[in-house]
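Engineer: A single structure is presented below for examination.
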Amino acid sequence: MARSFEVKRNNEHLYWSIGLLILSLWCIRDGWFPPESKIEKYPDVPTETWSLALDYEFYRFNRVTAVITGIASGVLLVMYRLVNR
């Protein structure tokens, strides 16, 4: 027999999902498509587009953070949908 829980509906998961999506997009821009100011500050730009750039600290941080926050944003969006059904 399935249990029925009363869960209060709110938009907190949606707000966190949007915030993490913005952070993910920012890290994608800095990690894979850096502007000229970042290239001047961190000149060792990785040549491979689809790698995580494990040899370059600034680009590695941004690429790994983009992947992790993108996944977390998707998980929170699913949680929002489940809570607010």
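Each chain in the structure tokens gets a letter, A, B, ..., in the order shown, and its residues are numbered from 1; ligands are numbered from 1 in order too.
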Excluding Ile71 of chain A and its own-chain neighbours fewer than 6 positions away, which residues fall within 10 Å of it when counting only C-alpha atoms? Please give them as JSON, numbers by chain.
Structural biologist: {"A": [17, 20, 21, 24, 65, 77]}
Engineer: Which one is closest to Val75 of chain A: A:Ala2, A:Val7, A:Leu14, A:Cys27? Count only C-alpha atoms.
Structural biologist: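 Using only C-alpha atoms, Val75 of chain A sits closest to A:Leu14.
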Engineer: So how far away is atom CA of Gly70 of chain A from atom CA of Glu57 of chain A, in Å?
Structural biologist: 19.7 Å
Engineer: Could you tell me which of A:Asn62, A:Met79, A:Ala72, A:Tyr56 comes closest to Tyr42 of chain A if we count only C-alpha atoms?
Structural biologist: A:Tyr56
Engineer: In Å, rounded to a single decimal, give me how far atom CA of Ser73 of chain A is from atom CA of Ile39 of chain A.
Structural biologist: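 Rounded to one decimal, the two atoms are 27.8 Å apart.
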Engineer: Which of these, A:Gly19, A:Phe5, A:Pro46, A:Val78, has the shortest distance to Pro34 of chain A once you count only C-alpha atoms?
Structural biologist: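 Checking each candidate against Pro34 of chain A, we get A:Pro46 as the closest.
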Engineer: Quick one: pull the distance between atom CA of Val45 of chain A and atom CA of Leu25 of chain A, Å, one decimal.
Structural biologist: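 So the answer is 18.6 Å.
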Engineer: For Phe61 of chain A, which of A:Ile28, A:Glu40, A:Tyr80, A:Phe33 is the closest residue, counting only C-alpha atoms?
Structural biologist: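 Distance minimum relative to Phe61 of chain A lands on A:Ile28.
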Engineer: As a VMD selection string, which residues of chain A does DSSP assign to alpha helix (DSSP H)?
Structural biologist: chain A and resid 12 to 32 36 to 41 57 to 83
Engineer: I need the residue nearest Lys41 of chain A from this list: A:Tyr59, A:Arg3, A:Tyr15, A:Val64. Use only C-alpha atoms for the distance.
Structural biologist: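 For Lys41 of chain A, the nearest of the given residues is A:Tyr59.
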Engineer: Do you know which residues are at most 10 Å from Arg9 of chain A counting only C-alpha atoms, after dropping those on the same chain fewer than 5 positions away, and could you put them as number ranges by chain?
Structural biologist: A: 80, 82-85
Engineer: Rank nothing, just name the residue among A:Leu76, A:Gly31, A:Lys38, A:Glu48 nearest to Arg60 of chain A, using only C-alpha atoms.
Structural biologist: A:Gly31
